[in-house]
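Participant: Next comes the structure file structure.txt, holding compact mmCIF, N, CA and C atoms.
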# COMPACT_ATOMS: atom_id res chain seq x y z
N MET A 20 105.55 100.74 105.89
CA MET A 20 104.91 99.69 106.66
C MET A 20 103.45 100.05 106.81
N LYS A 21 102.61 99.07 106.59
CA LYS A 21 101.17 99.26 106.74
C LYS A 21 100.73 98.61 108.04
N LEU A 22 99.79 99.25 108.69
CA LEU A 22 99.24 98.75 109.96
C LEU A 22 97.76 98.47 109.78
N ARG A 23 97.35 97.31 110.24
CA ARG A 23 95.92 96.97 110.26
C ARG A 23 95.60 96.46 111.65
N ILE A 24 94.61 97.06 112.27
CA ILE A 24 94.16 96.61 113.59
C ILE A 24 92.68 96.27 113.48
N LYS A 25 92.33 95.10 113.95
CA LYS A 25 90.93 94.70 114.01
C LYS A 25 90.74 93.91 115.29
N ALA A 26 89.91 94.48 116.17
CA ALA A 26 89.65 93.85 117.47
C ALA A 26 90.99 93.54 118.15
N ASP A 27 91.24 92.28 118.46
CA ASP A 27 92.47 91.91 119.16
C ASP A 27 93.49 91.30 118.21
N SER A 28 93.61 91.88 117.03
CA SER A 28 94.66 91.43 116.10
C SER A 28 95.36 92.63 115.49
N VAL A 29 96.66 92.47 115.30
CA VAL A 29 97.51 93.51 114.72
C VAL A 29 98.24 92.87 113.55
N ARG A 30 98.25 93.58 112.42
CA ARG A 30 98.95 93.07 111.24
C ARG A 30 99.84 94.17 110.68
N LEU A 31 101.11 93.84 110.48
CA LEU A 31 102.07 94.75 109.86
C LEU A 31 102.48 94.16 108.53
N ARG A 32 102.47 94.99 107.49
CA ARG A 32 102.91 94.57 106.16
C ARG A 32 104.08 95.45 105.76
N LEU A 33 105.22 94.83 105.48
CA LEU A 33 106.45 95.55 105.20
C LEU A 33 106.84 95.50 103.73
N THR A 34 107.37 96.62 103.24
CA THR A 34 107.87 96.71 101.87
C THR A 34 109.24 96.02 101.79
N ARG A 35 109.76 95.92 100.58
CA ARG A 35 111.07 95.28 100.39
C ARG A 35 112.17 95.98 101.18
N SER A 36 112.23 97.30 101.14
CA SER A 36 113.29 98.01 101.86
C SER A 36 113.13 97.88 103.37
N GLU A 37 111.90 97.81 103.84
CA GLU A 37 111.68 97.63 105.28
C GLU A 37 112.07 96.23 105.72
N VAL A 38 111.77 95.23 104.90
CA VAL A 38 112.18 93.86 105.20
C VAL A 38 113.71 93.78 105.23
N GLU A 39 114.35 94.46 104.30
CA GLU A 39 115.82 94.49 104.29
C GLU A 39 116.36 95.13 105.58
N SER A 40 115.76 96.21 106.01
CA SER A 40 116.19 96.88 107.25
C SER A 40 116.02 95.98 108.47
N ILE A 41 114.84 95.37 108.59
CA ILE A 41 114.59 94.53 109.76
C ILE A 41 115.48 93.29 109.73
N GLY A 42 115.78 92.78 108.52
CA GLY A 42 116.69 91.65 108.39
C GLY A 42 118.12 91.98 108.77
N ALA A 43 118.46 93.27 108.71
CA ALA A 43 119.79 93.74 109.12
C ALA A 43 119.81 94.13 110.60
N GLY A 44 118.69 93.89 111.30
CA GLY A 44 118.67 94.17 112.74
C GLY A 44 118.23 95.56 113.12
N ARG A 45 117.71 96.33 112.16
CA ARG A 45 117.27 97.70 112.46
C ARG A 45 115.75 97.74 112.68
N ASP A 46 115.31 98.64 113.55
CA ASP A 46 113.88 98.87 113.76
C ASP A 46 113.26 99.47 112.51
N VAL A 47 111.97 99.26 112.34
CA VAL A 47 111.20 99.90 111.28
C VAL A 47 110.08 100.66 111.97
N ARG A 48 109.92 101.96 111.64
CA ARG A 48 108.94 102.81 112.31
C ARG A 48 108.16 103.64 111.31
N GLU A 49 106.92 103.94 111.67
CA GLU A 49 106.07 104.84 110.91
C GLU A 49 105.34 105.74 111.89
N THR A 50 104.94 106.91 111.43
CA THR A 50 104.16 107.83 112.25
C THR A 50 102.97 108.32 111.45
N THR A 51 101.80 108.30 112.09
CA THR A 51 100.58 108.85 111.50
C THR A 51 100.23 110.12 112.27
N HIS A 52 100.00 111.20 111.54
CA HIS A 52 99.72 112.51 112.15
C HIS A 52 98.22 112.79 112.13
N PHE A 53 97.72 113.29 113.24
CA PHE A 53 96.31 113.62 113.38
C PHE A 53 96.17 115.11 113.70
N ALA A 54 94.97 115.63 113.51
CA ALA A 54 94.69 117.03 113.84
C ALA A 54 95.00 117.27 115.32
N GLY A 55 95.37 118.50 115.61
CA GLY A 55 95.67 118.87 116.99
C GLY A 55 97.06 118.49 117.43
N GLY A 56 97.91 118.09 116.47
CA GLY A 56 99.29 117.76 116.81
C GLY A 56 99.47 116.37 117.41
N HIS A 57 98.45 115.54 117.34
CA HIS A 57 98.55 114.18 117.89
C HIS A 57 99.18 113.24 116.85
N THR A 58 99.89 112.27 117.35
CA THR A 58 100.52 111.29 116.46
C THR A 58 100.33 109.88 117.02
N LEU A 59 100.41 108.93 116.14
CA LEU A 59 100.46 107.52 116.50
C LEU A 59 101.70 106.96 115.83
N GLU A 60 102.61 106.47 116.63
CA GLU A 60 103.81 105.83 116.08
C GLU A 60 103.64 104.33 116.22
N TYR A 61 104.03 103.60 115.18
CA TYR A 61 104.03 102.15 115.28
C TYR A 61 105.37 101.65 114.75
N ALA A 62 105.82 100.56 115.36
CA ALA A 62 107.17 100.09 115.06
C ALA A 62 107.24 98.57 115.15
N LEU A 63 108.18 98.03 114.40
CA LEU A 63 108.58 96.63 114.52
C LEU A 63 110.03 96.65 114.95
N GLU A 64 110.31 95.96 116.05
CA GLU A 64 111.66 95.94 116.61
C GLU A 64 112.14 94.50 116.79
N PRO A 65 113.38 94.21 116.37
CA PRO A 65 113.96 92.90 116.68
C PRO A 65 114.18 92.81 118.19
N SER A 66 114.02 91.61 118.74
CA SER A 66 114.21 91.44 120.19
C SER A 66 114.95 90.13 120.47
N THR A 67 115.28 89.94 121.72
CA THR A 67 115.91 88.70 122.15
C THR A 67 114.86 87.69 122.63
N ASN A 68 113.59 88.07 122.58
CA ASN A 68 112.50 87.17 122.98
C ASN A 68 112.40 86.00 122.01
N ASP A 69 111.65 84.98 122.42
CA ASP A 69 111.39 83.84 121.53
C ASP A 69 109.96 83.87 121.01
N HIS A 70 109.30 85.02 121.11
CA HIS A 70 107.90 85.15 120.72
C HIS A 70 107.63 86.56 120.19
N LEU A 71 106.48 86.69 119.54
CA LEU A 71 105.99 88.01 119.12
C LEU A 71 105.25 88.64 120.29
N GLU A 72 105.33 89.95 120.41
CA GLU A 72 104.54 90.65 121.41
C GLU A 72 104.25 92.05 120.93
N ALA A 73 103.12 92.59 121.37
CA ALA A 73 102.74 93.96 121.04
C ALA A 73 102.46 94.70 122.34
N GLN A 74 102.98 95.92 122.43
CA GLN A 74 102.73 96.76 123.59
C GLN A 74 102.34 98.15 123.11
N PHE A 75 101.46 98.78 123.86
CA PHE A 75 101.04 100.14 123.56
C PHE A 75 101.51 101.02 124.69
N GLU A 76 102.45 101.93 124.38
CA GLU A 76 103.07 102.80 125.39
C GLU A 76 103.19 104.21 124.83
N ASP A 77 102.69 105.20 125.56
CA ASP A 77 102.86 106.61 125.17
C ASP A 77 102.48 106.87 123.71
N GLN A 78 101.31 106.45 123.31
CA GLN A 78 100.80 106.65 121.95
C GLN A 78 101.64 105.92 120.90
N ARG A 79 102.37 104.88 121.32
CA ARG A 79 103.18 104.10 120.39
C ARG A 79 102.81 102.62 120.48
N LEU A 80 102.61 102.01 119.34
CA LEU A 80 102.39 100.57 119.27
C LEU A 80 103.73 99.96 118.88
N ILE A 81 104.27 99.16 119.75
CA ILE A 81 105.57 98.52 119.51
C ILE A 81 105.34 97.02 119.38
N VAL A 82 105.70 96.48 118.21
CA VAL A 82 105.67 95.03 117.99
C VAL A 82 107.11 94.56 118.03
N ARG A 83 107.36 93.56 118.87
CA ARG A 83 108.70 92.99 118.97
C ARG A 83 108.65 91.54 118.52
N ALA A 84 109.69 91.15 117.78
CA ALA A 84 109.79 89.79 117.25
C ALA A 84 111.22 89.31 117.41
N PRO A 85 111.40 87.99 117.55
CA PRO A 85 112.76 87.45 117.70
C PRO A 85 113.66 87.84 116.53
N ALA A 86 114.80 88.43 116.84
CA ALA A 86 115.72 88.90 115.80
C ALA A 86 116.13 87.77 114.85
N ALA A 87 116.42 86.59 115.38
CA ALA A 87 116.85 85.48 114.53
C ALA A 87 115.75 85.07 113.56
N VAL A 88 114.50 85.09 114.01
CA VAL A 88 113.37 84.75 113.14
C VAL A 88 113.23 85.80 112.05
N LEU A 89 113.39 87.07 112.41
CA LEU A 89 113.28 88.15 111.42
C LEU A 89 114.37 88.07 110.37
N VAL A 90 115.58 87.75 110.77
CA VAL A 90 116.70 87.62 109.81
C VAL A 90 116.41 86.51 108.82
N GLU A 91 115.97 85.35 109.32
CA GLU A 91 115.67 84.22 108.45
C GLU A 91 114.50 84.55 107.51
N TRP A 92 113.46 85.18 108.06
CA TRP A 92 112.29 85.57 107.27
C TRP A 92 112.68 86.55 106.16
N ALA A 93 113.49 87.54 106.50
CA ALA A 93 113.89 88.56 105.52
C ALA A 93 114.70 87.96 104.38
N ALA A 94 115.48 86.95 104.65
CA ALA A 94 116.35 86.36 103.64
C ALA A 94 115.65 85.32 102.77
N GLY A 95 114.47 84.88 103.18
CA GLY A 95 113.81 83.79 102.46
C GLY A 95 112.56 84.23 101.72
N ASP A 96 111.83 83.24 101.24
CA ASP A 96 110.62 83.46 100.46
C ASP A 96 109.35 83.38 101.32
N THR A 97 109.49 83.07 102.59
CA THR A 97 108.34 82.98 103.47
C THR A 97 107.65 84.34 103.56
N VAL A 98 106.32 84.34 103.52
CA VAL A 98 105.56 85.59 103.53
C VAL A 98 105.32 86.10 104.94
N THR A 99 105.01 85.21 105.87
CA THR A 99 104.60 85.59 107.22
C THR A 99 105.62 85.14 108.25
N VAL A 100 105.90 85.99 109.22
CA VAL A 100 106.77 85.62 110.34
C VAL A 100 106.03 84.55 111.14
N ALA A 101 106.71 83.46 111.42
CA ALA A 101 106.09 82.37 112.15
C ALA A 101 106.78 82.14 113.48
N CYS A 102 106.10 82.50 114.56
CA CYS A 102 106.55 82.18 115.90
C CYS A 102 105.38 82.46 116.86
N PRO A 103 105.43 81.91 118.06
CA PRO A 103 104.31 82.10 118.98
C PRO A 103 104.14 83.56 119.40
N THR A 104 102.93 83.88 119.85
CA THR A 104 102.61 85.21 120.36
C THR A 104 102.58 85.15 121.88
N ALA A 105 103.08 86.19 122.53
CA ALA A 105 103.13 86.24 123.99
C ALA A 105 101.72 86.18 124.58
N VAL A 106 101.59 85.55 125.73
CA VAL A 106 100.33 85.50 126.46
C VAL A 106 99.92 86.92 126.81
N GLY A 107 98.65 87.25 126.56
CA GLY A 107 98.15 88.59 126.87
C GLY A 107 98.33 89.59 125.74
N SER A 108 99.05 89.21 124.71
CA SER A 108 99.28 90.08 123.56
C SER A 108 98.19 89.80 122.53
N PRO A 109 97.82 90.81 121.73
CA PRO A 109 96.87 90.51 120.66
C PRO A 109 97.50 89.55 119.65
N SER A 110 96.69 88.97 118.80
CA SER A 110 97.19 88.15 117.70
C SER A 110 98.02 89.07 116.79
N ILE A 111 99.18 88.60 116.33
CA ILE A 111 100.08 89.43 115.54
C ILE A 111 100.48 88.71 114.26
N LEU A 112 100.40 89.41 113.15
CA LEU A 112 100.93 88.93 111.88
C LEU A 112 101.92 89.97 111.36
N VAL A 113 103.08 89.52 110.94
CA VAL A 113 104.05 90.37 110.26
C VAL A 113 104.26 89.72 108.90
N GLU A 114 103.99 90.49 107.84
CA GLU A 114 104.00 89.93 106.49
C GLU A 114 104.76 90.82 105.52
N LYS A 115 105.17 90.22 104.43
CA LYS A 115 105.73 90.98 103.30
C LYS A 115 104.55 91.57 102.53
N ASP A 116 104.69 92.82 102.10
CA ASP A 116 103.62 93.53 101.40
C ASP A 116 103.74 93.30 99.90
N PHE A 117 102.69 92.74 99.30
CA PHE A 117 102.66 92.49 97.87
C PHE A 117 102.01 93.65 97.13
N SER A 118 102.42 93.84 95.90
CA SER A 118 101.77 94.84 95.06
C SER A 118 100.33 94.39 94.78
N CYS A 119 99.47 95.36 94.54
CA CYS A 119 98.06 95.08 94.27
C CYS A 119 97.91 94.53 92.85
N LEU A 120 96.96 93.62 92.69
CA LEU A 120 96.68 93.09 91.36
C LEU A 120 95.95 94.11 90.50
N SER A 121 95.13 94.94 91.15
CA SER A 121 94.40 95.99 90.44
C SER A 121 94.86 97.33 90.99
N PRO A 122 95.38 98.21 90.14
CA PRO A 122 95.84 99.52 90.61
C PRO A 122 94.71 100.29 91.28
N ARG A 123 95.05 100.98 92.38
CA ARG A 123 94.09 101.82 93.09
C ARG A 123 94.67 103.21 93.23
N ALA A 124 93.83 104.20 93.05
CA ALA A 124 94.28 105.60 93.17
C ALA A 124 94.89 105.82 94.55
N GLY A 125 96.04 106.46 94.57
CA GLY A 125 96.70 106.80 95.82
C GLY A 125 97.62 105.73 96.38
N ASP A 126 97.59 104.53 95.84
CA ASP A 126 98.47 103.47 96.32
C ASP A 126 99.84 103.57 95.66
N ASP A 127 100.88 103.33 96.43
CA ASP A 127 102.24 103.34 95.92
C ASP A 127 102.83 101.95 96.15
N ASP A 128 102.90 101.17 95.11
CA ASP A 128 103.42 99.80 95.20
C ASP A 128 104.86 99.67 94.72
N GLU A 129 105.53 100.78 94.52
CA GLU A 129 106.87 100.75 93.95
C GLU A 129 107.83 99.87 94.74
N ASP A 130 107.72 99.87 96.08
CA ASP A 130 108.65 99.12 96.92
C ASP A 130 108.03 97.81 97.42
N ALA A 131 106.86 97.46 96.91
CA ALA A 131 106.19 96.22 97.33
C ALA A 131 106.82 95.02 96.65
N PHE A 132 106.60 93.86 97.23
CA PHE A 132 107.05 92.62 96.62
C PHE A 132 106.12 92.30 95.44
N PRO A 133 106.64 91.68 94.38
CA PRO A 133 105.76 91.30 93.27
C PRO A 133 104.69 90.32 93.77
N HIS A 134 103.47 90.53 93.35
CA HIS A 134 102.37 89.67 93.76
C HIS A 134 102.55 88.30 93.11
N PRO A 135 102.39 87.21 93.88
CA PRO A 135 102.58 85.87 93.31
C PRO A 135 101.61 85.54 92.18
N GLU A 136 100.46 86.19 92.14
CA GLU A 136 99.49 85.93 91.08
C GLU A 136 99.54 86.96 89.96
N GLU A 137 100.53 87.84 90.00
CA GLU A 137 100.64 88.88 88.97
C GLU A 137 100.74 88.24 87.60
N GLY A 138 99.93 88.73 86.67
CA GLY A 138 99.95 88.23 85.30
C GLY A 138 99.06 87.02 85.08
N THR A 139 98.45 86.49 86.15
CA THR A 139 97.60 85.31 85.98
C THR A 139 96.11 85.66 86.00
N ARG A 140 95.80 86.90 86.40
CA ARG A 140 94.40 87.30 86.47
C ARG A 140 94.17 88.53 85.62
N THR A 141 92.98 88.64 85.13
CA THR A 141 92.60 89.84 84.39
C THR A 141 91.39 90.46 85.07
N CYS A 142 91.26 91.79 84.92
CA CYS A 142 90.15 92.48 85.56
C CYS A 142 89.04 92.71 84.55
So that I can check it, write out the structure of this file as structure tokens.

Facilitator:
Amino acid sequence: MKLRIKADSVRLRLTRSEVESIGAGRDVRETTHFAGGHTLEYALEPSTNDHLEAQFEDQRLIVRAPAAVLVEWAAGDTVTVACPTAVGSPSILVEKDFSCLSPRAGDDDEDAFPHPEEGTRTC
């Protein structure tokens, strides 16, 4: 899972196996390690809410989304989770992660979704 934060917006991009996990009702988590033993954990969790919400607790960013919406999203071709965001929460996008059109050193796209424009562009 990739995390992008810019100002008051949070974006999570999930690989195929992560989408499968969240579609089965399981949480998806990642941890980033920093010098000095510090960590940042971020997670996407299915919830009983009818909206997306993000909370920051104990060095953890937790994004919660309606379980039924996640199941439908995981099973379909829709790229972005579509539902309202809780009042007071940053803007949230949860998306399927596509492979890059141009290979970049250090990127691992093995578990990414095929890019919809793959094969239509040349570099």

Participant: Just list as a ChimeraX atom specification whatever in chain A DSSP marks as strand (DSSP E or B).

Facilitator: /A:21-25,28-33,47-53,57-66,71-76,79-85,99,104,110-115,117,132

Participant: Using all atoms listed in the file, which of A:Val90, A:Val100, A:Ala105, A:Ile111 sits nearest A:Ile41?

Facilitator: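 That would be A:Val90, the residue with the smallest distance to A:Ile41.
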
Participant: Restricting the calculation to all atoms listed in the file: of A:Ala26, A:Val88, A:Leu31, A:Ser36, which residue gets closest to A:Ala131?

Facilitator: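 Result for the nearest residue to A:Ala131: A:Ser36.
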
Participant: Record the distance separating atom C of A:Lys115 and atom C of A:Glu91, expressed in Å with one decimal.

Facilitator: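 According to the coordinates, atom C of A:Lys115 and atom C of A:Glu91 are separated by 13.2 Å.
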
Participant: Output as a list in words all residues of chain A that backbone DSSP marks as alpha helix (DSSP H).

Facilitator: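 Selecting the alpha helix (DSSP H) positions of chain A gives Arg35, Ser36, Glu37, Val38, Glu39, Ser40, Ile41, Gly42, Ala86, Ala87, Val88, Leu89, Val90, Glu91, Trp92, Ala93 and Ala94 of chain A.
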
Participant: Using only C-alpha atoms, pick whichever of A:Cys102, A:Val113, A:Ala86, A:Leu80 has the shortest atom-to-atom distance to A:Thr34.

Facilitator: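 Looking at the shortest contact to A:Thr34, the residue is A:Val113.
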
Participant: Can you list, as number ranges by chain, every protein, DNA or RNA residue that comes within 12 Å of stretch 51-64 of chain A when you count only C-alpha atoms, leaving out same-chain residues fewer than 4 positions away?

Facilitator: A: 20-24, 29-33, 37-38, 40-47, 68, 71-90, 100, 111-114
